[in-house]
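Enquirer: Let me begin by handing over the structure; questions about it come next.
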Amino acid sequence: MLNVHQATPFFAGLAVAAAALAGRYGIQAWQAFKARPPKPRMRKFYDGGFQPTMTRREAALILGVRENATAEKVKEQHRKVMVANHPDAGGSHYLASKINEAKDVMLGKTKGSGSAF
């Protein structure tokens, strides 16, 4: 049986071992946290449906640009959105036509007839 004088160093050693294990776990958790890929901020998307005749505001919302965006920015965003929604890549023909229409509206090339759908 342990007496008080033998038990004190035993418990002190046990406390040091527990602190070392907790520190090791904490360092591993911090390194795993730092190594994870950054999580992109979720953007709020437009909730409504499409209007019968596309407006400049709606076109800007579809492409994710401001209404006064430059032609270069509109073309860049159009490319990005089309890559994600192209019919050859499993996207919808309807959405692709709306994306193209949005680009035309933003660049001032509207035919006035709206979408083919």
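In the structure tokens, each chain is lettered A, B, ... as it comes, each chain's residues begin at 1, and ligands are numbered from 1 in order of appearance.
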Tell me which protein, DNA and RNA residues are within 9 Å of region 95-104 of chain A, counting only C-alpha atoms, leaving out same-chain ones fewer than 2 positions away, and put them as a ChimeraX atom specification.
Expert: /A:50,54-56,58-63,74-75,77-78,81-82,85-87,91-93,106-111,114-117
Enquirer: What does the file look like for those residues with N, CA, C and O atoms, as a short mmCIF file (atom, residue, chain, number, x, y, z; two decimals), in the first residue's frame?
Expert:
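Final output, saved to selection21.cif:
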```cif
data_model
loop_
_atom_site.label_atom_id
_atom_site.label_comp_id
_atom_site.auth_asym_id
_atom_site.auth_seq_id
_atom_site.Cartn_x
_atom_site.Cartn_y
_atom_site.Cartn_z
N PHE A 50 -37.49 33.91 -63.38
CA PHE A 50 -37.10 34.82 -64.44
C PHE A 50 -38.27 35.71 -64.83
O PHE A 50 -39.42 35.29 -64.81
N MET A 54 -36.02 40.13 -69.92
CA MET A 54 -34.90 40.29 -69.00
C MET A 54 -34.48 41.75 -68.89
O MET A 54 -34.30 42.44 -69.88
N THR A 55 -34.34 42.19 -67.64
CA THR A 55 -33.87 43.54 -67.38
C THR A 55 -32.37 43.51 -67.11
O THR A 55 -31.78 42.44 -66.91
N ARG A 56 -31.78 44.69 -67.10
CA ARG A 56 -30.34 44.78 -66.82
C ARG A 56 -30.04 44.30 -65.40
O ARG A 56 -29.02 43.66 -65.16
N GLU A 58 -31.74 42.00 -63.66
CA GLU A 58 -31.82 40.54 -63.64
C GLU A 58 -30.59 39.92 -64.30
O GLU A 58 -30.05 38.93 -63.81
N ALA A 59 -30.14 40.50 -65.41
CA ALA A 59 -28.96 39.99 -66.09
C ALA A 59 -27.74 40.07 -65.18
O ALA A 59 -26.93 39.14 -65.13
N ALA A 60 -27.61 41.17 -64.45
CA ALA A 60 -26.48 41.33 -63.53
C ALA A 60 -26.55 40.29 -62.40
O ALA A 60 -25.53 39.73 -62.00
N LEU A 61 -27.75 40.02 -61.91
CA LEU A 61 -27.91 39.01 -60.86
C LEU A 61 -27.55 37.61 -61.37
O LEU A 61 -26.93 36.83 -60.66
N ILE A 62 -27.94 37.29 -62.59
CA ILE A 62 -27.63 35.96 -63.16
C ILE A 62 -26.13 35.78 -63.30
O ILE A 62 -25.58 34.72 -62.97
N LEU A 63 -25.45 36.81 -63.78
CA LEU A 63 -24.01 36.70 -64.02
C LEU A 63 -23.17 36.97 -62.77
O LEU A 63 -21.99 36.66 -62.74
N VAL A 74 -18.03 41.27 -67.61
CA VAL A 74 -19.24 40.53 -68.00
C VAL A 74 -18.84 39.26 -68.76
O VAL A 74 -19.35 38.18 -68.49
N LYS A 75 -17.92 39.40 -69.71
CA LYS A 75 -17.48 38.23 -70.49
C LYS A 75 -16.79 37.20 -69.61
O LYS A 75 -17.00 35.99 -69.76
N GLN A 77 -17.26 36.68 -66.31
CA GLN A 77 -18.27 36.02 -65.48
C GLN A 77 -19.16 35.10 -66.31
O GLN A 77 -19.55 34.03 -65.86
N HIS A 78 -19.47 35.50 -67.54
CA HIS A 78 -20.28 34.66 -68.43
C HIS A 78 -19.57 33.34 -68.64
O HIS A 78 -20.18 32.27 -68.58
N VAL A 81 -19.83 31.19 -65.42
CA VAL A 81 -21.18 30.66 -65.17
C VAL A 81 -21.53 29.59 -66.22
O VAL A 81 -22.15 28.58 -65.90
N MET A 82 -21.11 29.81 -67.45
CA MET A 82 -21.41 28.84 -68.50
C MET A 82 -20.65 27.53 -68.30
O MET A 82 -21.18 26.45 -68.58
N ASN A 85 -22.71 25.56 -65.97
CA ASN A 85 -24.09 25.24 -66.37
C ASN A 85 -24.23 24.84 -67.83
O ASN A 85 -25.34 24.84 -68.36
N HIS A 86 -23.14 24.50 -68.49
CA HIS A 86 -23.21 24.18 -69.92
C HIS A 86 -23.97 22.88 -70.13
O HIS A 86 -23.77 21.90 -69.40
N PRO A 87 -24.84 22.80 -71.15
CA PRO A 87 -25.61 21.58 -71.41
C PRO A 87 -24.72 20.37 -71.70
O PRO A 87 -25.08 19.25 -71.33
N GLY A 91 -25.62 20.51 -67.72
CA GLY A 91 -26.45 21.65 -67.36
C GLY A 91 -27.73 21.70 -68.19
O GLY A 91 -27.95 20.90 -69.10
N SER A 92 -28.54 22.66 -67.89
CA SER A 92 -29.84 22.81 -68.54
C SER A 92 -29.72 23.72 -69.77
O SER A 92 -29.05 24.75 -69.73
N HIS A 93 -30.40 23.35 -70.85
CA HIS A 93 -30.43 24.19 -72.05
C HIS A 93 -31.14 25.51 -71.74
O HIS A 93 -30.74 26.57 -72.24
N MET A 106 -26.37 42.64 -70.87
CA MET A 106 -25.32 43.43 -70.23
C MET A 106 -24.41 44.10 -71.25
O MET A 106 -23.89 45.18 -71.01
N LEU A 107 -24.22 43.46 -72.40
CA LEU A 107 -23.36 44.04 -73.43
C LEU A 107 -24.13 44.90 -74.42
O LEU A 107 -23.55 45.44 -75.36
N GLY A 108 -25.46 45.00 -74.24
CA GLY A 108 -26.27 45.83 -75.11
C GLY A 108 -26.55 45.20 -76.46
O GLY A 108 -26.81 45.91 -77.44
N LYS A 109 -26.54 43.88 -76.56
CA LYS A 109 -26.77 43.19 -77.83
C LYS A 109 -28.12 42.48 -77.84
O LYS A 109 -28.27 41.44 -78.46
N THR A 110 -29.11 43.03 -77.18
CA THR A 110 -30.40 42.35 -77.09
C THR A 110 -31.14 42.43 -78.40
O THR A 110 -31.08 43.41 -79.12
N LYS A 111 -31.88 41.35 -78.67
CA LYS A 111 -32.70 41.30 -79.87
C LYS A 111 -34.12 41.79 -79.56
O LYS A 111 -34.91 41.99 -80.44
N GLY A 114 -36.32 38.28 -76.24
CA GLY A 114 -36.18 37.50 -75.02
C GLY A 114 -35.62 36.13 -75.29
O GLY A 114 -35.01 35.88 -76.33
N SER A 115 -35.85 35.20 -74.37
CA SER A 115 -35.31 33.85 -74.47
C SER A 115 -36.03 33.03 -75.53
O SER A 115 -37.16 33.30 -75.90
N ALA A 116 -35.35 31.99 -76.01
CA ALA A 116 -35.96 31.08 -76.96
C ALA A 116 -36.98 30.19 -76.30
O ALA A 116 -37.77 29.53 -76.96
N PHE A 117 -36.99 30.16 -74.96
CA PHE A 117 -37.92 29.28 -74.23
C PHE A 117 -39.10 30.05 -73.72
O PHE A 117 -39.11 31.01 -73.12
#
```
Enquirer: Output as number ranges by chain all residues of chain A that backbone DSSP marks as alpha helix (DSSP H).
Expert: A: 4-35, 56-63, 71-85, 93-107
Enquirer: Can you write out the residues you just picked, keeping C-alpha atoms, as a tab-separated table (two decimals), in the first residue's frame?
Expert:
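Written out: out.tsv:
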```
chain	number	residue	atom	x	y	z
A	4	VAL	CA	1.18	9.75	1.44
A	5	HIS	CA	4.88	10.37	0.70
A	6	GLN	CA	4.89	7.79	-2.12
A	7	ALA	CA	1.55	8.83	-3.57
A	8	THR	CA	2.42	12.52	-4.10
A	9	PRO	CA	5.17	11.92	-6.72
A	10	PHE	CA	2.98	9.30	-8.41
A	11	PHE	CA	0.06	11.71	-8.83
A	12	ALA	CA	2.40	14.52	-9.89
A	13	GLY	CA	3.84	12.26	-12.60
A	14	LEU	CA	0.33	11.28	-13.66
A	15	ALA	CA	-0.63	14.96	-13.94
A	16	VAL	CA	2.47	15.73	-16.03
A	17	ALA	CA	1.70	12.81	-18.36
A	18	ALA	CA	-1.91	13.94	-18.75
A	19	ALA	CA	-0.81	17.51	-19.49
A	20	ALA	CA	1.68	16.25	-22.11
A	21	LEU	CA	-0.97	14.14	-23.84
A	22	ALA	CA	-3.46	17.01	-23.82
A	23	GLY	CA	-0.83	19.36	-25.24
A	24	ARG	CA	0.07	16.86	-27.96
A	25	TYR	CA	-3.59	16.46	-28.90
A	26	GLY	CA	-4.05	20.24	-28.92
A	27	ILE	CA	-1.08	20.76	-31.25
A	28	GLN	CA	-2.31	18.04	-33.63
A	29	ALA	CA	-5.80	19.53	-33.69
A	30	TRP	CA	-4.42	23.03	-34.38
A	31	GLN	CA	-2.22	21.76	-37.24
A	32	ALA	CA	-5.18	19.89	-38.75
A	33	PHE	CA	-7.29	23.06	-38.45
A	34	LYS	CA	-4.65	25.20	-40.17
A	35	ALA	CA	-4.08	22.64	-42.97
A	56	ARG	CA	-30.34	44.78	-66.82
A	57	ARG	CA	-30.76	44.14	-63.09
A	58	GLU	CA	-31.82	40.54	-63.64
A	59	ALA	CA	-28.96	39.99	-66.09
A	60	ALA	CA	-26.48	41.33	-63.53
A	61	LEU	CA	-27.91	39.01	-60.86
A	62	ILE	CA	-27.63	35.96	-63.16
A	63	LEU	CA	-24.01	36.70	-64.02
A	71	ALA	CA	-17.69	44.38	-70.85
A	72	GLU	CA	-14.52	42.51	-69.92
A	73	LYS	CA	-15.90	41.59	-66.47
A	74	VAL	CA	-19.24	40.53	-68.00
A	75	LYS	CA	-17.48	38.23	-70.49
A	76	GLU	CA	-15.29	36.75	-67.74
A	77	GLN	CA	-18.27	36.02	-65.48
A	78	HIS	CA	-20.28	34.66	-68.43
A	79	ARG	CA	-17.49	32.17	-69.10
A	80	LYS	CA	-17.41	31.07	-65.44
A	81	VAL	CA	-21.18	30.66	-65.17
A	82	MET	CA	-21.41	28.84	-68.50
A	83	VAL	CA	-18.68	26.37	-67.54
A	84	ALA	CA	-20.75	25.42	-64.49
A	85	ASN	CA	-24.09	25.24	-66.37
A	93	HIS	CA	-30.43	24.19	-72.05
A	94	TYR	CA	-32.91	26.64	-70.54
A	95	LEU	CA	-30.39	28.00	-68.02
A	96	ALA	CA	-27.71	28.22	-70.72
A	97	SER	CA	-30.04	30.29	-72.90
A	98	LYS	CA	-30.82	32.59	-69.95
A	99	ILE	CA	-27.11	33.00	-69.19
A	100	ASN	CA	-26.43	33.88	-72.83
A	101	GLU	CA	-29.36	36.29	-72.81
A	102	ALA	CA	-27.99	37.91	-69.64
A	103	LYS	CA	-24.64	38.44	-71.33
A	104	ASP	CA	-26.34	39.98	-74.37
A	105	VAL	CA	-28.40	42.33	-72.16
A	106	MET	CA	-25.32	43.43	-70.23
A	107	LEU	CA	-23.36	44.04	-73.43
```
